[in-house]
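Right, one structure below, let's go through it.
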Amino acid sequence: MATQAHCLSYAGCNFLRQRLVLSTLSGRPVKIRKIRARDDNPGLRDFEASFIRLLDKITNGSRIEINQTGTTLYYQPGLLYGGSVEHDCNVLRSIGYYLESLLCLAPFMKHPLRIVLRGVTHDQVDPSVDVLKATALPLLKQFGIDGESFELKVVRRGMPPGGGGEVLFSCPVRKVLRPVQLTDPGKIRRIRGTAYSVRVSPQMANRVVDSARSILNKFIPDIYIYTDHMKGVNSGKSPGFGLSLVAETTNGTFLSAELASNPQGQGAAVLPEDLGRNCAKLLLEEIYRGGCVDSTNQSLALLLMTLGQQDVSKVLLGPLSPYTIEFLRHLKSFFQIMFKIETKPCGEELKGGDKVLMTCVGIGFSNLSKTLK
Amino acid sequence: METKDQKKHRKKNSGPKAEKKKKRHLQDLQLGDEEDARKRNPKAFAVQSAVRMARSFHRTQDLKTKKHHIPVVDRTPLEPPPIVVVVMGPPKVGKSTLIQCLIRNFTRQKLTEIRGPVTIVSGKKRRLTIIECGCDINMMIDLAKVADLVLMLIDASFGFEMETFEFLNICQVHGFPKIMGVLTHLDSFKYNKQLKKTKKRLKHRFWTEVYPGAKLFYLSGMVHGEYQNQEIHNLGRFITVMKFRPLTWQTSHPYILADRMEDLTNPEDIRTNIKCDRKVSLYGYLRGAHLKNKSQIHMPGVGDFAVSDVSFLPDPCALPEQQKKRCLNEKEKLVYAPLSGVGGVLYDKDAVYVDLGGSHGFQDEVRPTHELVQSLISTHSTIDAKMASSRVTLFSDSKPLGSEDIDNQGQWMPKEEKQMDLKTGRVRRKAIFGDEEDESGDSDEEDDEEMSEGDRLVESSSDDETEEEADAEMTDRCMTGKGVKRQRLEEMEEDLEVDLPAFADSDDDLERSSGEEGEAEEADESSEEEDSPAGGRSLSESQVGDSSKAGLLQTKGLSNSLNLEKATLTTSDSGHCTAEEAFASEDETEESSSLSTEEEGSENEEVIRKKFPKSSPVAGGQRLGSENFIDETSDVEDLLKEEEDYKEENSYSTETSGALKWKEDLSRKAAEAFLRQQQATPNLRKLVYGTVTEDNEEEDGDTREELGGLFRVSQPSRECKHKLDSLDCSRFHVEAPHDWDLEEELYGDFEDLETGDVHKGKPGADTQIEDAEEVKEEIDPSAEESAKKKHLDKKRKLKEMFDAEYDEGESTYFDDLKGEMHKQAQLNRAEFEDQDDEARVQYEGFRPGMYVRIEIENVPCEFVLNFDPHYPIILGGLGNSEGNVGYVQMRLKKHRWYKKILKSRDPIIFSVGWRRFQTIPLYYIEDHNGRQRLLKYTPQHMHCGATFWGPITPQGTGFLAVQSVSGIMPDFRIAATGVVLDLDKSIKIVKKLKLTGFPYKIFKNTSFIKGMFNSALEVAKFEGAVIRTVSGIRGQIKKALRAPEGAFRASFEDKLLMSDIVFMRTWYPVSIPAFYNPVTSLLKPVGEKDTWSGMRTTGQLRLAHGVKLKPNKDSLYKPIVRQKKHFNSVHIPKALQKALPFKNKPKTQAKAGKTPKDRLRPAVIREPHERKILALLDALSTVHSQKMKKAKEQRHLHNKEHFKVKQKEEEEKLKRQKDLRKKLFRIQGQKERRNQKASLKGPEEPSK
């Protein structure tokens, strides 16, 4: 077989997840060199190692080779296996880091995935579990991934640096995906949100809610922000609080924004009022950017479009994030697929910032892991 | 006499005429037909039983739904590829004759020798590719996979042959294309009745194999070695109007039935090493799905390859242009078969193909075309060898062709020209030519690349004035449009030069201000950098440096525009290089050369533009105008431009605190928005997919270039390295947020759903700022109205739903699904319709129906050396990860016609997907609990599972297995068929394993057992496992013992005996040898292509080497010798004995022991006298007893006689008594009767 010929090679640890996920889905091995080669502390970090371990858990027959210093990684993907898995995520990155990739892979397993992830549920870097639950899951439903067992449950909340959160994610398996035409985002219908606080005064959450509402109330009256104060063992190991907001449109698009307090012992203490206000503004910014898909889930939507049947899929996005742009390039190198990118300037029909209409023909992907009965 | 000859009229008793008459008769009688019967007798048709009614309804519905197929999206292209017609049959059945006749029928041309596929235009909307299929099973398998229609030729004089059935089975497995039978050799029947019978028999047999009612065609006889025209014509009509159902495998994979092959290997390489791997180009119509460049393909019979390049060519056998005629023009009846030496003139990258000029070329006169063609073919090959000077030699050669060539030109040349337009000039082609030569010739690639890039740059900008850069060979490429563009550019530059002093400062300001704040944003846009806070510092440093460099450049640009151009030229070049280094190399390679030229050109422009800030809308408009003129270069925008836009935007938004400045730029912003609207589309596309360059990198390169002059110093840029290792995060951070406290109503994004009010965005910038309270006020008065409206809306919706439910009750789930599919199909068609092919190919891949040329490298030399055009060359596209290997699980059934059963671990050849390969399967059967138990042999009439290690193929794909593909076997060759079920990287097949042990110490229910395991660790693994003795006593493993290694304690339900054997039943996983060997039949020499043989089975090897099997001694059968079993007597405890009743007590009488001596009687010894006395007494007593005996016997006899006499007397006496009694009773009876009579008569007598 021409395995060596179609091995892809990259340098640097950036976009590691994309590369490994696409490699798994396309079956093409990937080699990543020069991972922090010039760094004082070269090689893979613990959270990346944890991610690779997670991939190993959910696949069967993967071959992973890492050199002595950890600066070179060779990954030959196996078949996605799924089943019941537990994974302790590294606390350097939040569960969102791992969950984003799992969302891409979960529909294509052999057995439905049911995974318990432990670690940090909310931090300032990655999309939190709440946001993914509110935005990514409805997005997957648009592609025909749905069912009773499709859920994401926050069992415990854990803030950095201690972690101690727990999340249950289960996803059914699909053989093929539906093509989508998401071109009309619609108007904002309502705003929901969750203000959480762990190991701090429960009043914090209420203060966050009040300040966020003070901004948002000017725009829309239908706002409800839940306060979620977790106690005891459910509250993780470190104190903190935060807010995630989700705006739902008339056409079922979910746009989100979130903020979390600084981790204990890092940076200045954040006032809950500031946090709430800033988060509300972030949501407004996200709404301004608009599109049918949240800015964090752009790449997920594009991936699922790529993996559709050989039909035309369309999706309207806000400005492309750098992560998405790199993802598009990776899609091209892994799947030989190019998107038709049309810029839709703001005008009569489209409000807010410039939009991008992405069109592609699916590659006719079918789930090779699923057993035929 | 004559009257006698006339036949009497016979009334028709059956048939339509008779029925009609009967009906009329009935009508005359007022009885009516069936319809009337319902009216006449409604009771007979009334509902008798609701249950039966329901059942019958259910059944009709079942039958109706059975007819439904799952609707699929119709993905057939508007101009479909030719239909593949496979003409199949055993040898000497008339395949070639039929093909010749068909071609002659459609094209009025006669092909003497047919090799490979022949493509013809058969109608206004249909083309056919006809190919012959011999009896080689390799060919049969390959062609069954690509066939749309199979013409199955059957020799009627002989009947069906094994090949026919084999091919039918192959077809069934691989999707079942349309099959039409053709009976030939019908003229060999002498009697009509026999012919009829044979026809009928064959037809019914054919129907059972294909489907009842399958079309079977009869070709009655030959006329001058050809079939009858009318029959061929009819057959042609049938083929032309036939409809096809899409086959799953074919529609989901791209494939090409190659009709032409060229060897592109460097002749020098071949000269040095004739066995070197070749580079070939293959041509053919693309069928099935879309083909992507660089994808994996499989060539059945050769192996797996990666496509190194794909390009589409003008259709060599095009359908006629749309016209309103019923039939084809003579000129449109094209035939294309390069392998047989028929076709037009075709130019492409590396070869020129000249041949018979289609049908019309033949018509005007009978020329020695054949020689001409031959000569042309030979010239073609020489041209091919030379390659570089192809065009010149062609035209010099083709001159003697004369009128025919002119015709050809009329046919082919315009298309060729069209192609040039599409591809942005044919120089690109030539450039690749150079590249190819360079690659093969020189090892120094970089220099070449730079050279070619430089050339291209010059090309795209089409600088007439820059003489030092303009190459002589390229100057002819200058087009008028480009000239115009050049002018415009100059104008623009002048304009900008004028504008520069006014805006240069502001631009610098912008850059500086954004250097700190907007840099991350910029990084976002360029996507080269990552927005991590850690990287910010170094970034800003570089930014400042860059901007200063830019300033330097600008001054230079002012002083000398030519210099500037030179600078930009080099800039883009170096930028390109750095990008190459920064990015994975495949980006670069994937880039088609045309694209790169475009980009270079546009980069050029962009850099120029960046120097002169585009502030005035006038300048922008002008640029737009110029861009409209410029065809390619203007439509591709650079990222720099957009970046700048964003930068500006950011600077505005960040500077909103100084609101005045923000308001100043509003008009300018509007202009920019307009510009962006025009340009952003290609801009963004280029940003994502183009060879991405960054402005700062470029500027770095600039300065370096300026300083170094001739030298290009490739320093790894710091940004790049930084980016490589930056934070991997999907969040899109907001860098410059809008001030939402002020302008919350700016964009009017919201619609209040409760009230139903839509707040449109205010178009004017002045009215944007509004207070939120105002909005609320606005809402309140309209609330009631909107509530009313909402209510009405709701009502209307309900009504609609009601209507939909009751009026259009027809729409079922099936209809909805169909509608959805139809909608999707329309969308698919419409989406890329308006784009030109070049762009379309990039988005959706090469679509089916295109005539494509595929380049493949590293093809084994045998493919070229042993090329046989009779064998089909198929390029089957592979999906993602279909090029990988793993374990494939299948459901398999031995074919009922195959004589033997199959053995596990015997190599066998599978045909799955596109592939044919030899592998070692294991057969298994699934137990009720899901365990997969290994089978030594396949069951005879049952499905079983099979697993092999081989290429991954999607689930649901059919497959077939043959034991060997070489030679011809008398028996049926297809050994098994089935379907792929599952793919995995590990297997779970197990076989039975029994571990035995022996007790060495037995307690009550506990025993110590040894000999089952070798170590305590092994025992630990099996703790708690169930064990059993041969006699059926069950038990469990408890714990390992220390003393003998591997012994353990076990408990049983009963006490064991020392003679018991303890065993444990376990399952042992088996492994499959990783053996995957593609059948490379196409690499065999010509004439030996059907002799491929792979690994042999052990049975075959043993037979070949004469090795006899040495059986295991333990497995041999021996006579069974049973030892006598001795049972010990039952011991009954004393206590129990006592308690037993006497009857059950053991009767153990003591044996008569020896009598003691004192009790023994002494022997008596008699005197002789005494002895005499005794003897006498004995004799006397004997005499006496004898006497007595005699007397007794006599007495006995006497008694007997006496008894007899007595008995007689007795009998007589009894008789006498009986008679006496009889007499007495009679008298008594008479007396009684008399009395009775008397008593009855008594009263009567007196009355008388």
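Residue names in the structure tokens use chain letters A, B, ... in the order shown, residue numbers from 1 in each chain, and ligand numbers from 1 in the order shown.
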
| field | 9 Å contact set for range 151-159 of chain A, only C-alpha atoms, chain neighbours under 3 positions out, as a PyMOL selection string | value | chain A and resi 91+94+118-123+129-130+132-133+137+147-148+162-171+196-198+230+233-241+263-264

| field | Selection near range 350-359 of chain A, 8 Å with only C-alpha atoms, sequence-local residues under 6 positions removed, as a PyMOL selection string | value | (chain A and resi 183+287-291+312-320+339-344) or (chain B and resi 747-749+761)

Residue neighbourhood Gln1137 in chain B, 9 Å, only C-alpha atoms, exclusion window fewer than 6 positions, as a short mmCIF file (atom, residue, chain, number, x, y, z; two decimals) with N, CA and C atoms, in the first residue's frame:
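Saved result, result-v4.cif, follows:
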```
data_model
loop_
_atom_site.label_atom_id
_atom_site.label_comp_id
_atom_site.auth_asym_id
_atom_site.auth_seq_id
_atom_site.Cartn_x
_atom_site.Cartn_y
_atom_site.Cartn_z
N ASN B 1144 -33.29 -58.51 54.54
CA ASN B 1144 -32.27 -57.73 53.86
C ASN B 1144 -30.88 -57.93 54.44
N LYS B 1145 -30.84 -58.63 55.52
CA LYS B 1145 -29.52 -58.83 56.13
C LYS B 1145 -28.67 -59.68 55.21
N PRO B 1146 -27.44 -59.37 55.12
CA PRO B 1146 -26.58 -60.22 54.31
C PRO B 1146 -26.47 -61.62 54.92
#
```

| said: Please identify the helix (DSSP H, G or I) residues within range 161-221 of chain A (assignment by DSSP from backbone atoms) and present them as a PyMOL selection string. | reply: chain A and resi 203-216

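CA of Leu113 in chain A lies 17.7 Å from CA of Pro138 in chain A.
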
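A straight line drawn from CA of Arg896 in chain B to CA of Ser964 in chain B is 17.5 Å long.
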
| remark: In Å and to one decimal, CA of Cys89 in chain A is distant from CA of Ser50 in chain A by 6.3 Å

| request: Find the residues near range 202-214 of chain A: any atom within 7 Å, counting only C-alpha atoms, skip ones fewer than 6 places away on the same chain, and give them as a ChimeraX atom specification. | output: /A:195-196,225,227,229,272-273,275-277,280

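The residue set within 6 Å of Gly997 in chain B, counting only C-alpha atoms and dropping same-chain residues fewer than 2 places from it, reads Lys1010, Gly1011, Met1012 and Val1062 of chain B.
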
Expected file: the selected residues, N, CA, C and O atoms, as a PDB file, in the first residue's frame:
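As written to disk, again-v7.pdb reads:
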```pdb
ATOM      1  N   LYS B1010      -2.868 -30.770  39.749  1.00  0.00           N
ATOM      2  CA  LYS B1010      -1.604 -30.362  39.123  1.00  0.00           C
ATOM      3  C   LYS B1010      -1.670 -30.639  37.621  1.00  0.00           C
ATOM      4  O   LYS B1010      -2.572 -31.321  37.137  1.00  0.00           O
ATOM      5  N   GLY B1011      -0.728 -30.067  36.956  1.00  0.00           N
ATOM      6  CA  GLY B1011      -0.569 -30.401  35.545  1.00  0.00           C
ATOM      7  C   GLY B1011      -1.408 -29.553  34.597  1.00  0.00           C
ATOM      8  O   GLY B1011      -1.312 -29.696  33.387  1.00  0.00           O
ATOM      9  N   MET B1012      -2.232 -28.655  35.131  1.00  0.00           N
ATOM     10  CA  MET B1012      -3.041 -27.837  34.229  1.00  0.00           C
ATOM     11  C   MET B1012      -2.301 -26.564  33.836  1.00  0.00           C
ATOM     12  O   MET B1012      -2.384 -26.103  32.705  1.00  0.00           O
ATOM     13  N   VAL B1062      -9.365 -33.908  35.359  1.00  0.00           N
ATOM     14  CA  VAL B1062     -10.052 -32.611  35.478  1.00  0.00           C
ATOM     15  C   VAL B1062      -9.725 -31.799  34.240  1.00  0.00           C
ATOM     16  O   VAL B1062      -8.579 -31.760  33.797  1.00  0.00           O
TER      17      VAL B1062
END
```

| request: May I have all residues of range 122-307 of chain A that DSSP, computed from the backbone, assigns to strand (DSSP E or B), given as an MDAnalysis selection string? | output: chainID A and resid 151:156 159 163 165:171 181:182 188:198 223:230 240:249 254:260 291

| said: When you look at range 53-64 of chain A with a cut-off of 6 Å (counting only C-alpha atoms), what residues show up, excluding the ones that are within fewer than 6 positions of it in the same chain? I need them as a count of residues only. | reply: 10

| field | Contact residues around Leu286 in chain B with only C-alpha atoms at 7 Å, ignoring same-chain residues under 4 positions, as number ranges by chain | value | B: 81, 254-256, 848-852
